[in-house]
Amino acid sequence: TLPYSGEKLVLLETLVEMMQSGDPQKMTQATDILNNVQQSTNFWLQTDNIIEQSQSVQTVFFALAALHACIKVSLADKMGFARGSPKNES
């Protein structure tokens, strides 16, 4: 996966701005794309690069939220939780 810098980072920042634009069509399109990006199995690996290089507080927040979601899912899997309830280990 290429790091989020240069054009890739500008595109991410533009999508985050679109998500908050107030234009329902742009917001929907940006949200759909960003959800797909956030759910990418490797996106969390780019969080540090995004935080260091982004000039947008909203983009940094988006990256941190993606990292948080990844950690939450990973911990839930490791601790034996599925959908918020303990797995039945009978």
# chains A, B, ... in the order shown; residues from 1 in each chain; ligands from 1
>>> residues_around(residues="Met19 (chain A)", least_positions_apart="2", cutoff="10 Å", atoms="only C-alpha atoms", output="PyMOL selection string")
chain A and resi 13-17+21-34
>>> select_by_dssp(residues="chain A", states="strand (DSSP E)", output="list in words")
Phe81, Ala82, Ser85 and Pro86 of chain A
>>> write_last_selection(atoms="N, CA, C and O atoms", output="PDB file, in the first residue's frame")
ATOM      1  N   PHE A  81     -15.389 -11.513  22.042  1.00  0.00           N
ATOM      2  CA  PHE A  81     -16.686 -10.862  21.951  1.00  0.00           C
ATOM      3  C   PHE A  81     -17.128 -10.809  20.502  1.00  0.00           C
ATOM      4  O   PHE A  81     -16.330 -10.571  19.606  1.00  0.00           O
ATOM      5  N   ALA A  82     -18.408 -11.031  20.308  1.00  0.00           N
ATOM      6  CA  ALA A  82     -18.996 -10.904  18.975  1.00  0.00           C
ATOM      7  C   ALA A  82     -20.238 -10.035  19.098  1.00  0.00           C
ATOM      8  O   ALA A  82     -21.145 -10.344  19.860  1.00  0.00           O
ATOM      9  N   SER A  85     -21.388  -9.015  22.709  1.00  0.00           N
ATOM     10  CA  SER A  85     -21.696  -9.978  23.766  1.00  0.00           C
ATOM     11  C   SER A  85     -20.664 -11.100  23.742  1.00  0.00           C
ATOM     12  O   SER A  85     -20.140 -11.458  22.706  1.00  0.00           O
ATOM     13  N   PRO A  86     -20.364 -11.662  24.904  1.00  0.00           N
ATOM     14  CA  PRO A  86     -19.361 -12.734  24.966  1.00  0.00           C
ATOM     15  C   PRO A  86     -19.762 -13.943  24.149  1.00  0.00           C
ATOM     16  O   PRO A  86     -20.940 -14.291  24.069  1.00  0.00           O
TER      17      PRO A  86
END
>>> closest_residue(among="A:Val37, A:Tyr4, A:Lys78, A:Leu12", to="Thr59 (chain A)", atoms="only C-alpha atoms")
A:Leu12
